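Chemist: For reference, the file start-v1.txt (compact mmCIF, C-alpha atoms and all ligand atoms) is included below:
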# COMPACT_ATOMS: atom_id res chain seq x y z
CA MET A 14 0.00 0.00 0.00
CA ARG A 15 1.44 3.36 -1.02
CA ILE A 16 1.03 6.12 1.53
CA ALA A 17 2.51 9.59 1.86
CA GLN A 18 4.57 10.39 4.96
CA ARG A 19 2.22 13.37 5.48
CA LEU A 20 -0.73 10.97 6.03
CA ILE A 21 1.29 8.89 8.49
CA ASP A 22 2.14 12.12 10.32
CA GLU A 23 -1.60 12.96 10.51
CA MET A 24 -2.36 9.59 12.12
CA VAL A 25 0.49 10.02 14.62
CA ALA A 26 -0.75 13.51 15.49
CA HIS A 27 -4.26 12.13 16.05
CA ALA A 28 -2.87 9.33 18.23
CA ARG A 29 -1.07 11.89 20.41
CA GLU A 30 -4.16 14.12 20.59
CA ASP A 31 -6.37 11.33 21.89
CA LEU A 32 -4.00 10.14 24.63
CA PRO A 33 -4.51 8.52 27.07
CA ASN A 34 -7.09 6.74 24.89
CA GLU A 35 -6.64 4.93 21.61
CA CYS A 36 -7.57 6.95 18.55
CA CYS A 37 -9.19 5.59 15.40
CA GLY A 38 -10.26 6.60 11.94
CA MET A 39 -10.40 5.66 8.31
CA VAL A 40 -8.11 6.15 5.32
CA ALA A 41 -9.45 6.67 1.82
CA GLY A 42 -7.59 5.31 -1.15
CA SER A 43 -7.59 4.93 -4.86
CA ASP A 44 -5.67 2.39 -6.97
CA GLY A 45 -3.74 1.04 -3.98
CA GLU A 46 -2.62 4.47 -2.84
CA ALA A 47 -3.83 6.13 0.37
CA THR A 48 -5.24 9.56 -0.37
CA ARG A 49 -6.73 11.01 2.78
CA VAL A 50 -6.96 10.44 6.55
CA TYR A 51 -10.35 10.78 8.24
CA PRO A 52 -10.08 10.95 12.03
CA ALA A 53 -13.07 9.55 13.92
CA ARG A 54 -14.13 9.53 17.54
CA ASN A 55 -13.36 6.39 19.51
CA ALA A 56 -16.78 5.38 20.78
CA GLU A 57 -15.10 3.22 23.42
CA ALA A 58 -13.00 6.15 24.72
CA SER A 59 -10.58 3.59 26.10
CA PRO A 60 -6.80 3.09 26.30
CA PHE A 61 -7.30 -0.58 25.38
CA ARG A 62 -9.85 -0.77 22.58
CA TYR A 63 -11.47 1.22 19.85
CA ALA A 64 -14.72 1.41 17.94
CA ILE A 65 -15.23 3.96 15.22
CA HIS A 66 -18.13 6.10 16.35
CA PRO A 67 -21.15 5.03 14.23
CA GLN A 68 -22.08 8.62 13.29
CA ASP A 69 -18.52 9.32 12.18
CA GLN A 70 -18.42 6.08 10.22
CA ILE A 71 -21.56 6.97 8.26
CA ARG A 72 -20.32 10.51 7.58
CA ILE A 73 -16.83 9.41 6.54
CA MET A 74 -18.06 6.58 4.30
CA GLY A 75 -20.39 9.08 2.61
CA GLU A 76 -17.52 11.51 2.01
CA ILE A 77 -15.25 8.80 0.64
CA GLU A 78 -17.93 7.48 -1.69
CA GLY A 79 -18.76 11.04 -2.74
CA ARG A 80 -15.19 11.44 -3.94
CA GLY A 81 -15.37 8.17 -5.85
CA GLU A 82 -12.68 6.66 -3.63
CA GLU A 83 -12.66 3.57 -1.49
CA ILE A 84 -12.04 2.71 2.13
CA ALA A 85 -8.41 1.63 1.95
CA ALA A 86 -7.66 1.29 5.64
CA ILE A 87 -8.90 1.54 9.18
CA TYR A 88 -6.39 2.90 11.65
CA HIS A 89 -6.09 3.01 15.40
CA SER A 90 -3.38 3.63 17.94
CA HIS A 91 -1.68 1.56 20.60
CA THR A 92 -0.73 3.90 23.39
CA ASN A 93 1.69 1.65 25.19
CA THR A 94 2.19 -1.55 23.21
CA PRO A 95 3.88 -2.40 19.89
CA ALA A 96 2.11 -1.98 16.54
CA ASP A 97 0.93 -5.60 16.43
CA PRO A 98 -2.77 -6.49 16.22
CA SER A 99 -4.17 -7.55 19.59
CA GLN A 100 -6.63 -10.41 19.87
CA THR A 101 -9.31 -7.74 20.27
CA ASP A 102 -8.22 -6.21 16.95
CA ILE A 103 -8.30 -9.60 15.23
CA ASN A 104 -11.81 -10.29 16.54
CA LEU A 105 -13.02 -6.85 15.47
CA ALA A 106 -11.68 -7.32 11.93
CA GLU A 107 -13.88 -10.38 11.42
CA ASN A 108 -16.80 -8.10 10.70
CA TRP A 109 -14.88 -6.13 8.13
CA PRO A 110 -12.10 -8.09 6.40
CA ASP A 111 -11.43 -5.90 3.36
CA PRO A 112 -9.56 -2.81 4.58
CA VAL A 113 -5.91 -2.78 5.60
CA TYR A 114 -5.57 -2.33 9.35
CA LEU A 115 -3.03 0.34 10.23
CA ILE A 116 -1.75 0.46 13.79
CA CYS A 117 0.12 3.46 15.12
CA SER A 118 2.18 2.64 18.20
CA LEU A 119 3.26 5.33 20.63
CA ALA A 120 5.07 2.79 22.84
CA ASP A 121 8.22 4.79 22.15
CA PRO A 122 6.85 8.34 22.25
CA ASP A 123 9.88 9.72 20.42
CA ASP A 124 9.71 7.18 17.63
CA PRO A 125 6.09 6.32 16.71
CA THR A 126 5.66 3.26 14.49
CA VAL A 127 2.92 2.65 11.93
CA ARG A 128 2.46 -0.84 10.45
CA GLY A 129 -0.22 -2.31 8.22
CA PHE A 130 -1.94 -5.69 8.37
CA ALA A 131 -4.44 -7.73 6.44
CA ILE A 132 -6.63 -9.50 9.00
CA ARG A 133 -8.91 -12.18 7.57
CA ASP A 134 -10.55 -15.15 9.31
CA GLY A 135 -8.25 -14.74 12.29
CA ASN A 136 -5.11 -14.72 10.12
CA VAL A 137 -2.76 -11.75 10.29
CA ASN A 138 -0.45 -10.86 7.42
CA GLU A 139 1.70 -7.77 7.38
CA VAL A 140 1.02 -5.40 4.48
CA GLU A 141 4.10 -3.55 3.36
CA LEU A 142 3.75 0.22 3.48
CA ASP A 143 5.43 1.98 0.62
CA VAL A 144 5.99 5.36 2.24
CA ALA A 145 6.70 8.21 -0.12
ZN ZN B 1 -5.28 -2.49 18.67
What would you get if you wrote out this structure as structure tokens?
Modeler:
Amino acid sequence: MRIAQRLIDEMVAHAREDLPNECCGMVAGSDGEATRVYPARNAEASPFRYAIHPQDQIRIMGEIEGRGEEIAAIYHSHTNTPADPSQTDINLAENWPDPVYLICSLADPDDPTVRGFAIRDGNVNEVELDVA
């Protein structure tokens, strides 16, 4: 998945803003390239889990469709743990297997990490991020 550094920076900024809770949102894309970051509210408002707020999800999906783009990724942050999907993340992805799952880890606050994963039927495969 191709993604601009600027979009990664936006996700990291959102992750820092929402501390001590996890942040979440969606990323639009077109032809395998991420185009835009859409921050959402975390309906769980929790340091350990996330759920994209249903109102935000409807609004964001409408905006993405309106631009003729697709939902390329769902992102969330890990405030204190590495950027690996938790069992909670794997379970959550069962309902929605198509997007790439981006995880932004702030475990090292000075060196945030963003990694991407395909999560299908309980299987996790890393998706290489081609950062430009
Ligand atoms: Zn997670």
Chemist: Closest to Asn104 in chain A among A:His89, A:Arg72, A:Arg62, A:Arg128, using all atoms listed in the file?
Modeler: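 Closest residue, counting all atoms listed in the file: A:Arg62.
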Chemist: Sort by chain and increasing residue number a table of all residues of chain A within 10 Å of ligand ZN 1 (chain B), each with its closest pair of atoms and their distance in Å to one decimal, counting only C-alpha atoms and all ligand atoms, and write it as a tab-separated table.
Modeler:
residue	atom	partner	partner_atom	distance
A:Glu35	CA	B:ZN1	ZN	8.1
A:Cys36	CA	B:ZN1	ZN	9.7
A:Cys37	CA	B:ZN1	ZN	9.6
A:Pro60	CA	B:ZN1	ZN	9.6
A:Phe61	CA	B:ZN1	ZN	7.3
A:Arg62	CA	B:ZN1	ZN	6.3
A:Tyr63	CA	B:ZN1	ZN	7.3
A:Tyr88	CA	B:ZN1	ZN	8.9
A:His89	CA	B:ZN1	ZN	6.4
A:Ser90	CA	B:ZN1	ZN	6.4
A:His91	CA	B:ZN1	ZN	5.8
A:Thr92	CA	B:ZN1	ZN	9.2
A:Thr94	CA	B:ZN1	ZN	8.8
A:Pro95	CA	B:ZN1	ZN	9.2
A:Ala96	CA	B:ZN1	ZN	7.7
A:Asp97	CA	B:ZN1	ZN	7.3
A:Pro98	CA	B:ZN1	ZN	5.3
A:Ser99	CA	B:ZN1	ZN	5.3
A:Gln100	CA	B:ZN1	ZN	8.1
A:Thr101	CA	B:ZN1	ZN	6.8
A:Asp102	CA	B:ZN1	ZN	5.0
A:Ile103	CA	B:ZN1	ZN	8.5
A:Leu105	CA	B:ZN1	ZN	9.4
A:Tyr114	CA	B:ZN1	ZN	9.3
A:Leu115	CA	B:ZN1	ZN	9.2
A:Ile116	CA	B:ZN1	ZN	6.7
A:Cys117	CA	B:ZN1	ZN	8.8
A:Ser118	CA	B:ZN1	ZN	9.1
Chemist: Under the rule that only C-alpha atoms are counted, which of A:Gly42, A:Val140, A:Arg133, A:Arg15 is the nearest residue to Arg80 in chain A?
Modeler: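 Looking at the shortest contact to Arg80 in chain A, the residue is A:Gly42.
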Chemist: What lies within 7 Å of Val40 in chain A using all atoms listed in the file, ignoring chain neighbours under 6 positions off, as a list in words?
Modeler: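 With the cut-off at 7 Å, the set is Ala47, Arg49, Val50, Tyr51, Ile84, Ala85, Ala86 and Ile87 of chain A.
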Chemist: Determine, counting only C-alpha atoms, every residue of protein, DNA or RNA that lies within 10 Å of (-1.9, 10.8, 10.4) in the file coordinates, then give the result as a compact mmCIF listing (two decimals) with C-alpha atoms, in the coordinates of the input.
Modeler:
# COMPACT_ATOMS: atom_id res chain seq x y z
CA ALA A 17 2.51 9.59 1.86
CA GLN A 18 4.57 10.39 4.96
CA ARG A 19 2.22 13.37 5.48
CA LEU A 20 -0.73 10.97 6.03
CA ILE A 21 1.29 8.89 8.49
CA ASP A 22 2.14 12.12 10.32
CA GLU A 23 -1.60 12.96 10.51
CA MET A 24 -2.36 9.59 12.12
CA VAL A 25 0.49 10.02 14.62
CA ALA A 26 -0.75 13.51 15.49
CA HIS A 27 -4.26 12.13 16.05
CA ALA A 28 -2.87 9.33 18.23
CA GLY A 38 -10.26 6.60 11.94
CA VAL A 40 -8.11 6.15 5.32
CA ARG A 49 -6.73 11.01 2.78
CA VAL A 50 -6.96 10.44 6.55
CA TYR A 51 -10.35 10.78 8.24
CA PRO A 52 -10.08 10.95 12.03
CA TYR A 88 -6.39 2.90 11.65
CA CYS A 117 0.12 3.46 15.12
CA VAL A 127 2.92 2.65 11.93
Chemist: Determine the nearest neighbour of His66 in chain A from the options A:Met14, A:Ala53, A:Ile132, A:Leu119, counting only C-alpha atoms.
Modeler: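 Residue with the minimum atom-to-atom distance to His66 in chain A: A:Ala53.
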Chemist: Measuring between all atoms listed in the file, which one of A:Pro33, A:Asp134, A:Asn93, A:Ala56 shows the shortest distance to Pro122 in chain A?
Modeler: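 Smallest distance to Pro122 in chain A is found for A:Asn93.
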Chemist: Given the choices A:Pro125, A:Asn136, A:Thr48, A:Phe130, which gets closest to Arg29 in chain A if the distance is worked out from all atoms listed in the file?
Modeler: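 That would be A:Pro125, the residue with the smallest distance to Arg29 in chain A.
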Chemist: CA of Ile16 in chain A and CA of Asn138 in chain A are how many Å apart?
Modeler: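 Going from CA of Ile16 in chain A over to CA of Asn138 in chain A covers 18.0 Å.
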Chemist: Which is closer to Pro110 in chain A than all the others in A:Gly79, A:Gly135, A:Pro67, A:Gly45, using only C-alpha atoms?
Modeler: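 That would be A:Gly135, the residue with the smallest distance to Pro110 in chain A.
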Chemist: Between CA of Pro112 in chain A and CA of Glu83 in chain A, what is the distance, to one decimal in Å?
Modeler: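 CA of Glu83 in chain A lies at a distance of 9.3 Å from CA of Pro112 in chain A.
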Chemist: Separation of CA of Asn34 in chain A and CA of Glu46 in chain A, in Å?
Modeler: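 Value for the CA of Asn34 in chain A-CA of Glu46 in chain A distance: 28.2 Å.
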Chemist: Would you mind writing range 28-48 of chain A with N, CA and C atoms, as a PDB file, in the frame of the given file?
Modeler:
ATOM      1  N   ALA A  28      -3.137  10.254  17.117  1.00  0.00           N
ATOM      2  CA  ALA A  28      -2.870   9.330  18.230  1.00  0.00           C
ATOM      3  C   ALA A  28      -2.412  10.095  19.464  1.00  0.00           C
ATOM      4  N   ARG A  29      -1.564  11.111  19.258  1.00  0.00           N
ATOM      5  CA  ARG A  29      -1.070  11.890  20.410  1.00  0.00           C
ATOM      6  C   ARG A  29      -2.183  12.739  21.005  1.00  0.00           C
ATOM      7  N   GLU A  30      -3.039  13.290  20.136  1.00  0.00           N
ATOM      8  CA  GLU A  30      -4.160  14.120  20.590  1.00  0.00           C
ATOM      9  C   GLU A  30      -5.094  13.348  21.515  1.00  0.00           C
ATOM     10  N   ASP A  31      -5.347  12.091  21.164  1.00  0.00           N
ATOM     11  CA  ASP A  31      -6.370  11.330  21.890  1.00  0.00           C
ATOM     12  C   ASP A  31      -5.818  10.594  23.110  1.00  0.00           C
ATOM     13  N   LEU A  32      -4.532  10.743  23.407  1.00  0.00           N
ATOM     14  CA  LEU A  32      -4.000  10.140  24.630  1.00  0.00           C
ATOM     15  C   LEU A  32      -4.790  10.657  25.834  1.00  0.00           C
ATOM     16  N   PRO A  33      -5.045   9.867  26.844  1.00  0.00           N
ATOM     17  CA  PRO A  33      -4.510   8.520  27.070  1.00  0.00           C
ATOM     18  C   PRO A  33      -5.296   7.406  26.364  1.00  0.00           C
ATOM     19  N   ASN A  34      -6.297   7.769  25.551  1.00  0.00           N
ATOM     20  CA  ASN A  34      -7.090   6.740  24.890  1.00  0.00           C
ATOM     21  C   ASN A  34      -6.530   6.398  23.510  1.00  0.00           C
ATOM     22  N   GLU A  35      -6.962   5.265  22.996  1.00  0.00           N
ATOM     23  CA  GLU A  35      -6.640   4.930  21.610  1.00  0.00           C
ATOM     24  C   GLU A  35      -7.432   5.858  20.692  1.00  0.00           C
ATOM     25  N   CYS A  36      -6.840   6.187  19.570  1.00  0.00           N
ATOM     26  CA  CYS A  36      -7.570   6.950  18.550  1.00  0.00           C
ATOM     27  C   CYS A  36      -7.960   5.989  17.437  1.00  0.00           C
ATOM     28  N   CYS A  37      -8.837   6.418  16.544  1.00  0.00           N
ATOM     29  CA  CYS A  37      -9.190   5.590  15.400  1.00  0.00           C
ATOM     30  C   CYS A  37      -9.719   6.458  14.271  1.00  0.00           C
ATOM     31  N   GLY A  38      -9.753   5.871  13.091  1.00  0.00           N
ATOM     32  CA  GLY A  38     -10.260   6.600  11.940  1.00  0.00           C
ATOM     33  C   GLY A  38     -10.139   5.745  10.695  1.00  0.00           C
ATOM     34  N   MET A  39     -10.414   6.367   9.575  1.00  0.00           N
ATOM     35  CA  MET A  39     -10.400   5.660   8.310  1.00  0.00           C
ATOM     36  C   MET A  39      -9.469   6.362   7.321  1.00  0.00           C
ATOM     37  N   VAL A  40      -8.982   5.591   6.352  1.00  0.00           N
ATOM     38  CA  VAL A  40      -8.110   6.150   5.320  1.00  0.00           C
ATOM     39  C   VAL A  40      -8.732   5.833   3.965  1.00  0.00           C
ATOM     40  N   ALA A  41      -8.935   6.875   3.174  1.00  0.00           N
ATOM     41  CA  ALA A  41      -9.450   6.670   1.820  1.00  0.00           C
ATOM     42  C   ALA A  41      -8.295   6.325   0.896  1.00  0.00           C
ATOM     43  N   GLY A  42      -8.623   5.651  -0.195  1.00  0.00           N
ATOM     44  CA  GLY A  42      -7.590   5.310  -1.150  1.00  0.00           C
ATOM     45  C   GLY A  42      -8.159   5.148  -2.540  1.00  0.00           C
ATOM     46  N   SER A  43      -7.225   5.088  -3.470  1.00  0.00           N
ATOM     47  CA  SER A  43      -7.590   4.930  -4.860  1.00  0.00           C
ATOM     48  C   SER A  43      -6.431   4.231  -5.558  1.00  0.00           C
ATOM     49  N   ASP A  44      -6.712   3.145  -6.260  1.00  0.00           N
ATOM     50  CA  ASP A  44      -5.670   2.390  -6.970  1.00  0.00           C
ATOM     51  C   ASP A  44      -4.503   2.003  -6.067  1.00  0.00           C
ATOM     52  N   GLY A  45      -4.800   1.525  -4.866  1.00  0.00           N
ATOM     53  CA  GLY A  45      -3.740   1.040  -3.980  1.00  0.00           C
ATOM     54  C   GLY A  45      -2.922   2.124  -3.324  1.00  0.00           C
ATOM     55  N   GLU A  46      -3.345   3.371  -3.465  1.00  0.00           N
ATOM     56  CA  GLU A  46      -2.620   4.470  -2.840  1.00  0.00           C
ATOM     57  C   GLU A  46      -3.541   5.187  -1.853  1.00  0.00           C
ATOM     58  N   ALA A  47      -3.051   5.389  -0.629  1.00  0.00           N
ATOM     59  CA  ALA A  47      -3.830   6.130   0.370  1.00  0.00           C
ATOM     60  C   ALA A  47      -3.892   7.588  -0.060  1.00  0.00           C
ATOM     61  N   THR A  48      -5.066   8.186   0.106  1.00  0.00           N
ATOM     62  CA  THR A  48      -5.240   9.560  -0.370  1.00  0.00           C
ATOM     63  C   THR A  48      -5.592  10.549   0.731  1.00  0.00           C
TER      64      THR A  48
END
